[in-house]
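Colleague: What follows is a single structure, and I will ask about it in a moment.
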Amino acid sequence: MSPETDLSTEVAAIVGATHLSSLESDRAEFSGLDPALVVWPKDGAEIAAILRLANRRRIHIAVRGGGTGSPCWRRPSSPVLGLSTRRMINIVELDSTSGTVIVQAGIRWSKLCDALEQHGLWTGLPRDAFGEATIGGLLADPPANAHSPSFGPLSELCVSTTVACADGSLLRSRTAPRRAVGPDVGRMLLGDRANVAILTELVLRTRQRPALIVPALQLFPTLRDALTAARAILQIGVRPTMLRVANQAQAAREIGPQNFSIPAVVGLELAGPQKMIDRALDKIDEIAAQHSGQTLPADLAADWYERTCSEYALDGHSTRLSHREALAAIGRFTDAGRRVWLDQFDAHRVNLWTESDEPTVDAVAMRGSRDDHWLAAIKAALDPHQVLLGAQSIE
Amino acid sequence: MNQQAAITSAAQRAIAALFPSDRISADLPDRIAYSRDLWPRTLIGLREGQHRPFEPDTVVWPVSLDELRALIEVSIEHRFALIPFGGGSGVCGGAVAQNGGVIVDLKRLDQITQLCDVNLLADVQAGIIGQTLEDQLNVRGLTLGHFPSSIRCSTLGGWLATRSAGQCSSRYGKIEDMVDSVGFIDGTARYRRVDRANNRQQLEAIIGSEGVFGFITDATMRLAHLPQTRMFLAYRVPSVERGCEALRRILQAGLRPAVLRLYDELDTLLSSPAGDRSPSALSRATHALTHGGAGKALQNRLLSTALRKAGNLSRIGANLADRLRRGCLMIVGVEGDRALAEAEAAYCHEQIICCEGDRLDDEIGISWFENRYGVSFKMSPLFMANAFVDTMEVAAPWHKLMRVYRDVHQALSADALVLAHFSHAYTDGCSIYFTFVSRGSDRTGAQALYDRLWQSALAAADTAGAAVSHHHGIGLAKAEFMKAEHGHGMTTLRALKTVFDPHGIMNPGKLGL
Amino acid sequence: MRSADATINKHKRELELCTYCPKLCRHSCPVSNATGRETHTPQAKMQLLNHLQQGSVEWTRETARPLFACLECKNCTTYCDHGNDVAGALAAGKAAASERGLQPIEYTQAVRDYRLRETRLRNALQRTAAASEMATRGRIAYLPGCDNIEFFPETISDAFSIFRRLDLRFVRMPSGITCGGHPLWAAGAWSAAHVETERLLEHLSGFSTLVMGCAPCTDLWRRRLEEHGISHQLDVIHTSEFFFTHLERLKPRSVRRAALFHDSCSLGRGLGVYDPPRRVASRCVEHLGEFFHHRDRSPCCGADPALDAAMPEVRAKQRTERLGEASRYGIDTVVTTCARCRRSLSRSAAGDQRNTVDLVDLTNLLAEALHTENR
Ligand SMILES: Cc1cc2nc3c(=O)[nH]c(=O)nc-3n(C[C@H](O)[C@H](O)[C@H](O)COP(=O)(O)OP(=O)(O)OC[C@H]3O[C@@H](n4cnc5c(N)ncnc54)[C@H](O)[C@@H]3O)c2cc1C
Ligand code: SF4
Ligand code: SF4
């Protein structure tokens, strides 16, 4: 019996014979890794069992979600098992009182949004924004645009988690809106890129689908005015569910060619009760006017909204900056032909996007860096046999 | 439990070499003052003459990161415990030297080092007292928006170390929502800046770590402009169920009013700031709810009964409340831009009316605000009257909340007078803040009763599915419940401990680590 | 029983309230804010005194020391819903310690200084004042206070120029007095203070009204002597109140554009005098502004010579913060009513930033405003 068959028998004993494969086409999903086997567990218990097996046999595990990301694995010398969450697509429980929903990590974003919609719930983030990504993949390695000024980053969606730890134990953290019981272990493992644990189930917080969702678009004479107005809008306490600022070239893309000049725009989405939205819109108009801005017609706003929701611009380089840094950085973009845009606003920071990264070199220097030393230490402590092949996403 | 050897004289000398004489002390008054935080269990002991419950060997007041680092190195070499001490306002025995060691008071690190009113971000050292920080921001037209009742006696570092929550949390969030980055020195004397954007995982590990991994030395905090307007509304709702429904509707519609507080029937009747000088919000509220002068008298009657005989008090209280059908007081506070705040208030009003709320005089809300820190003044008189009081704050999703409320209430009621309010609401759930008053026969009696109450209340909360703490933290008091709360997560916590503090010098015994 | 111990006993309930209190005033104490020391919070000092009084902690030099870490500024009382008089209790605690000979060296020194400076002060006063301004009897006695005599003599001539404007020719400085005795009380030397006060009373026997330029002494003579069982028939008022009652006759003109008003602890929290000095000052400047913390929340300037010697960081911090706030507002004049505050805020401590703010006494400001009008 070859070691591979031996392994597949053991794996089959965990997941059932039909849920593993050594076919070339399946293994190809784990580009560049060439796993011996690919396995499709149905839940966290099976994943935990596989991890225990991996520890015993000193093999590695690489995890794949929806297959939309571009993970980059360091290829190890010992055998690798590819683990895909594609069977873990169930909504385990939905509680409409709390608006919490327990989902398996392999459910795709669009499916999740559709299911929520049936119950009158939503996540506050656009359905089409993340294509076919799985919730597990999204939370393990959040894309830069997964953020709303009103809800915060995507990780804010997650109340608690169930993860399979590298040692093969299953860790379910308590579901409560906030806790003060030491570090929040469950949420700590979000954004882990399957380094020390595999997300298997998540409790997400959703909101009632708002009575009204209204897009709005404001025109500004300069990018600086637009950015300053956007900041003022947030700092006064308006909480749009989406907020973007774009320069001329990017605006042309987002809005389409117009018969008037559009040096810079602020685009927003507001959601909630009618009266709240009306007041917010008044406030936005008022602030825009203070920065030489003007409201663009509703049909134009609707067009813009349609377009940006379905194709969030991700084809650039982004840097997270403070507002002051962002103001300084955009001063360099005098060439209106080059696309520049800003998103993921909060009252303090914003992501600045450019087509290419060379003009923001200074800005990049201001950015902190990931503490890889710490991540390695945690990895050594929680995954002593280096069973999990954590993925680095390619930026 | 970690047993630390008593500090050797060589160690004492090594520490003394690091600090000038006015910033190191082993004087008796210092050893008394630093032998407890505000864990009520130690107040029970104090009443009976136990005035040095957790006596430290030495106390130091570092003024720089270099001093802190040097101290850690000495501590690693000589193996003694370091206990970070902020305001010492923690209510769980988190900042005490359980088995001797050196208390490291961070209050000399108390400066705002940088402040940017474009970004609304401030770099602040950890030892600054909350009210001092808020005052210094207010002078510049800014606010942190964090108003725990202990704001006058707690520090920024303590808030971050315990995941503190303030009275305006529904608008501004808890402290973990306000922090942009922290400066942190771990148990190996390594300093790092841990930010939200790049090191979210590590930030989650440090926030709430109650000093067991190292020292939070400074933090960049998110600020807001001081609100243009502030308005308060008060309501009577028929029951906690209906009140909670109103809270939930407001949050789930996406609103974030600064203050949302719902008192259960008994809390509505009883809670009122002590203090003879200022007529309190809640006594006025009680007044309003009892249609006249009965409020104060009733409060006094209940309290004095409470002090005479602990058992079955809640039932007496509840019966009274029932009979008088007072309902529950709810306070809503909105703030910010006037037009937006007014719209928010109008929407809240609609929702509360939908849940059978009756609008009360706005004055009740305003005076709640004016006396918002007053209730803690009740503590001393209760202890002086040989009673004790403590609070327990749990959190649960909305669909489990009423069960948690009932079960915990029941677990405490046999031996204590129990009041509760709901003051931190989220889209997906809420916290419940229980206050319980009781008395034992003597010291051991009182402490035993106190321990029993906590045991049964925490067990009830755990079984009903609530997190055992929403914002007070764990310390020594709830260390035994860490296993129930985290289960296998304790392995992860222990792994974090070995990474940050391999020598085990940092705040031993806390968080069950 | 010793007299100080008896006074501590009167504070029994307050000691207990503080002992079990969750430190609800701790942010307001200038001493613990500067030292960062839990032991110096009002709560801990009161708990300690409680232990000492009950005998659960023994009186020693070491255990007595924290009792002296109090400026008696009463800021804590403002934030205490029980209204606890921490300053009063600790003053008794200091005295009790001193009666046992356990006071810190700086306080022994302060008592010694009180005696040593007497000649110096007399000479200074003689240099400043005309013989005609001194007397042994008269209707109104004006006591400028030791700090004005020693450091700000111009205040005395300014005061007399105002008296003259008012045609008050019967105001005199009682001869034989340079100081109202507050430093002795503050140092905890109660028996010496008693003796001194009796002496002062003899010198004052020929007067019916006492106008004082020193805020702590005004508080002492108007209110606190009685607590110590010393009674007198004198009407005691502070110069700022005195000028206020004559404001309509004085008709000052604005001489400065903007100023901030700094409350003295003794005049403000001690005697509740907030408005009269403001009313006078607001006639002398175009815009009289307020600090963020003012009236009953006004922080102490940190003045207490003995405490300053023992813990210089306290005054340094108070001064830096107070003046820093004024500079942040771009205001360069701060008006005080007390020479103690004026000296404490203007005198820079080691390592302190240099002071660019002009500290003026209300008396100087008023004289300036009247003088301008003259011209
Ligand atoms: C009357 C009263 C009212 C209260 N109200 C509230 C409230 O409304 N909301 C609320 O959240 N809490 C409240 N608390 C609890 C308490 O104030 C909080 O837990 C507060 O966060 C503690 O801060 P502190 O500075 O006093 O910390 P401490 O009590 O000194 O320390 C708490 C823990 O944190 C650690 N620690 C302190 N500073 C640091 C640091 N710089 N680095 C690392 N570790 C550190 C300590 O070792 C200890 O384990 C209240 C307490 C009292 C007595
Ligand atoms: S003075 Fe009042 S607030 Fe301060 S410690 Fe004493 S009781 Fe508490
Ligand atoms: S009187 Fe002033 S110095 Fe004394 S304890 Fe109170 S606040 Fe501190």
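Ordering of the structure tokens sets the chain letters (A, B, ...); residue numbers start at 1 within each chain; ligands are numbered from 1 in the order shown.
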With 6 Å as the limit and counting only C-alpha atoms, what residues in chain B lie close to chain A? Please list them as a PDB file with C-alpha atoms, in the first residue's frame.
Modeller:
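part_27.pdb written:
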```pdb
ATOM      1  CA  ASN B 119      -7.929  63.028  11.871  1.00  0.00           C
ATOM      2  CA  LEU B 120      -9.617  63.276  15.238  1.00  0.00           C
ATOM      3  CA  ARG B 163     -12.450  46.308  27.657  1.00  0.00           C
ATOM      4  CA  ASN B 198      -2.050  45.872  10.022  1.00  0.00           C
ATOM      5  CA  ASN B 199      -2.127  43.905  13.243  1.00  0.00           C
ATOM      6  CA  GLN B 201      -5.169  39.928  15.470  1.00  0.00           C
ATOM      7  CA  GLU B 204      -7.501  41.755  19.747  1.00  0.00           C
ATOM      8  CA  ALA B 205      -5.043  39.775  21.881  1.00  0.00           C
ATOM      9  CA  GLY B 208      -8.635  42.999  27.423  1.00  0.00           C
ATOM     10  CA  SER B 209      -5.471  41.214  28.509  1.00  0.00           C
ATOM     11  CA  GLN B 252     -31.548  47.332  14.456  1.00  0.00           C
ATOM     12  CA  ALA B 343     -34.505  63.126  13.832  1.00  0.00           C
ATOM     13  CA  ALA B 395     -24.057  40.178  27.784  1.00  0.00           C
ATOM     14  CA  ALA B 396     -26.135  37.989  25.522  1.00  0.00           C
ATOM     15  CA  PRO B 397     -27.875  38.002  22.162  1.00  0.00           C
ATOM     16  CA  TRP B 398     -31.383  39.419  22.209  1.00  0.00           C
ATOM     17  CA  HIS B 399     -33.027  36.040  21.878  1.00  0.00           C
ATOM     18  CA  ASP B 428     -27.475  41.727  18.036  1.00  0.00           C
ATOM     19  CA  GLY B 429     -27.799  41.823  21.783  1.00  0.00           C
ATOM     20  CA  SER B 469     -18.570  39.847  31.714  1.00  0.00           C
ATOM     21  CA  HIS B 470     -19.471  42.651  29.360  1.00  0.00           C
ATOM     22  CA  HIS B 471     -17.082  45.317  30.636  1.00  0.00           C
ATOM     23  CA  GLY B 473     -13.312  41.981  33.148  1.00  0.00           C
ATOM     24  CA  ILE B 474     -12.142  38.907  35.038  1.00  0.00           C
ATOM     25  CA  HIS B 488     -10.747  25.149  24.686  1.00  0.00           C
ATOM     26  CA  ALA B 495      -0.174  30.035  24.097  1.00  0.00           C
TER      27      ALA B 495
END
```
Colleague: Once you count only C-alpha atoms and all ligand atoms, which residues end up within 7 Å of ligand 2, and could you hand them over as JSON, numbers by chain?
Modeller: {"C": [14, 17, 18, 21, 22, 23, 24, 25, 26, 42, 43, 76, 77, 79, 80, 81, 82, 83, 84, 85, 86]}
Colleague: Could those selected residues go to a file with C-alpha atoms, as a PDB file, in the first residue's frame?
Modeller:
```pdb
ATOM      1  CA  GLU C  14     -16.514  61.323  56.808  1.00  0.00           C
ATOM      2  CA  LEU C  17     -17.506  57.343  54.003  1.00  0.00           C
ATOM      3  CA  CYS C  18     -14.149  57.866  52.360  1.00  0.00           C
ATOM      4  CA  CYS C  21     -15.656  55.045  48.682  1.00  0.00           C
ATOM      5  CA  PRO C  22     -14.585  54.060  45.183  1.00  0.00           C
ATOM      6  CA  LYS C  23     -12.364  57.165  44.966  1.00  0.00           C
ATOM      7  CA  LEU C  24     -14.952  59.272  43.228  1.00  0.00           C
ATOM      8  CA  CYS C  25     -13.009  62.497  43.629  1.00  0.00           C
ATOM      9  CA  ARG C  26      -9.516  61.213  42.934  1.00  0.00           C
ATOM     10  CA  PRO C  42      -8.267  61.853  49.172  1.00  0.00           C
ATOM     11  CA  GLN C  43      -9.738  58.386  49.696  1.00  0.00           C
ATOM     12  CA  CYS C  76     -12.261  66.971  46.298  1.00  0.00           C
ATOM     13  CA  THR C  77     -15.222  68.221  48.295  1.00  0.00           C
ATOM     14  CA  TYR C  79     -16.933  66.307  43.579  1.00  0.00           C
ATOM     15  CA  CYS C  80     -18.091  64.496  46.681  1.00  0.00           C
ATOM     16  CA  ASP C  81     -21.835  64.001  46.865  1.00  0.00           C
ATOM     17  CA  HIS C  82     -21.427  63.509  50.604  1.00  0.00           C
ATOM     18  CA  GLY C  83     -19.727  66.895  50.766  1.00  0.00           C
ATOM     19  CA  ASN C  84     -16.911  65.411  52.816  1.00  0.00           C
ATOM     20  CA  ASP C  85     -14.513  67.930  54.303  1.00  0.00           C
ATOM     21  CA  VAL C  86     -11.325  66.067  53.514  1.00  0.00           C
TER      22      VAL C  86
END
```
Colleague: I need the contact residues of chain B against chain C, so if you could list those with any atom within 8 Å, counting only C-alpha atoms, and return them as an NGL selection string, that would help.
Modeller: :B and (27-30 or 33-34 or 38 or 43 or 49 or 61 or 87 or 89 or 105-108 or 129 or 131-132 or 139 or 150 or 152-153 or 274-278 or 374 or 376-377 or 379-381 or 383-384)
Colleague: Could you write out that same residue set with C-alpha atoms as a JSON list (two decimals), in the first residue's frame?
Modeller:
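Result saved to out.json:
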```
[["chain", "number", "residue", "atom", "x", "y", "z"],
["B", 27, "ASP", "CA", 6.27, 52.33, 53.10],
["B", 28, "LEU", "CA", 3.37, 50.96, 55.05],
["B", 29, "PRO", "CA", 0.83, 53.53, 53.80],
["B", 30, "ASP", "CA", 1.74, 52.62, 50.22],
["B", 33, "ALA", "CA", -3.15, 51.78, 49.54],
["B", 34, "TYR", "CA", -1.97, 49.32, 46.90],
["B", 38, "LEU", "CA", -12.19, 48.09, 44.22],
["B", 43, "LEU", "CA", -14.13, 46.02, 51.11],
["B", 49, "GLY", "CA", -10.06, 44.92, 59.94],
["B", 61, "TRP", "CA", 6.05, 54.88, 39.50],
["B", 87, "GLY", "CA", -6.53, 53.73, 38.70],
["B", 89, "SER", "CA", -10.82, 51.07, 40.08],
["B", 105, "ASP", "CA", 1.68, 52.30, 38.85],
["B", 106, "LEU", "CA", 1.46, 53.87, 35.39],
["B", 107, "LYS", "CA", -0.13, 57.15, 36.38],
["B", 108, "ARG", "CA", 3.05, 59.14, 35.87],
["B", 129, "ILE", "CA", -7.01, 59.52, 34.43],
["B", 131, "GLN", "CA", -11.71, 62.60, 33.49],
["B", 132, "THR", "CA", -8.43, 64.44, 33.03],
["B", 139, "VAL", "CA", -10.88, 72.31, 26.17],
["B", 150, "SER", "CA", -15.55, 55.29, 37.15],
["B", 152, "ARG", "CA", -12.88, 59.98, 37.68],
["B", 153, "CYS", "CA", -10.90, 57.10, 39.14],
["B", 274, "ALA", "CA", -26.84, 59.22, 47.09],
["B", 275, "GLY", "CA", -25.84, 62.64, 48.13],
["B", 276, "ASP", "CA", -27.94, 65.08, 49.94],
["B", 277, "ARG", "CA", -26.89, 68.05, 47.93],
["B", 278, "SER", "CA", -28.30, 67.18, 44.57],
["B", 374, "GLY", "CA", -23.91, 59.71, 41.52],
["B", 376, "SER", "CA", -21.58, 55.03, 43.24],
["B", 377, "PHE", "CA", -21.83, 57.26, 46.29],
["B", 379, "MET", "CA", -21.58, 52.26, 48.15],
["B", 380, "SER", "CA", -20.00, 53.60, 51.33],
["B", 381, "PRO", "CA", -23.20, 53.94, 53.34],
["B", 383, "PHE", "CA", -20.76, 49.01, 53.63],
["B", 384, "MET", "CA", -20.91, 51.19, 56.72]]
```
Colleague: Pick out the residues no farther than 6 Å from ligand 3, counting only C-alpha atoms and all ligand atoms, and list them as a short mmCIF file (atom, residue, chain, number, x, y, z; two decimals) with C-alpha atoms, in the first residue's frame.
Modeller:
```cif
data_model
loop_
_atom_site.label_atom_id
_atom_site.label_comp_id
_atom_site.auth_asym_id
_atom_site.auth_seq_id
_atom_site.Cartn_x
_atom_site.Cartn_y
_atom_site.Cartn_z
CA SER C 28 -9.53 66.37 41.39
CA CYS C 29 -6.67 66.13 43.86
CA PRO C 30 -3.66 68.13 42.72
CA VAL C 31 -1.35 66.14 44.96
CA PRO C 42 -8.27 61.85 49.17
CA CYS C 70 -2.82 67.84 51.12
CA LEU C 71 -3.05 71.45 50.03
CA GLU C 72 -6.37 71.86 51.84
CA CYS C 73 -7.74 73.12 48.55
CA LYS C 74 -11.13 71.40 48.97
CA ASN C 75 -11.38 70.53 45.31
CA CYS C 76 -12.26 66.97 46.30
CA VAL C 86 -11.33 66.07 53.51
CA ALA C 87 -9.22 69.19 53.93
#
```
Colleague: Mind listing the residues within 6 Å of ligand 1, only C-alpha atoms and all ligand atoms counted, as a ChimeraX atom specification?
Modeller: /B:37-38,83-91,94-95,126,148-150,154-155,157-159,161-162,164-166,210-211,214-217,376,471-472,475 /C:22
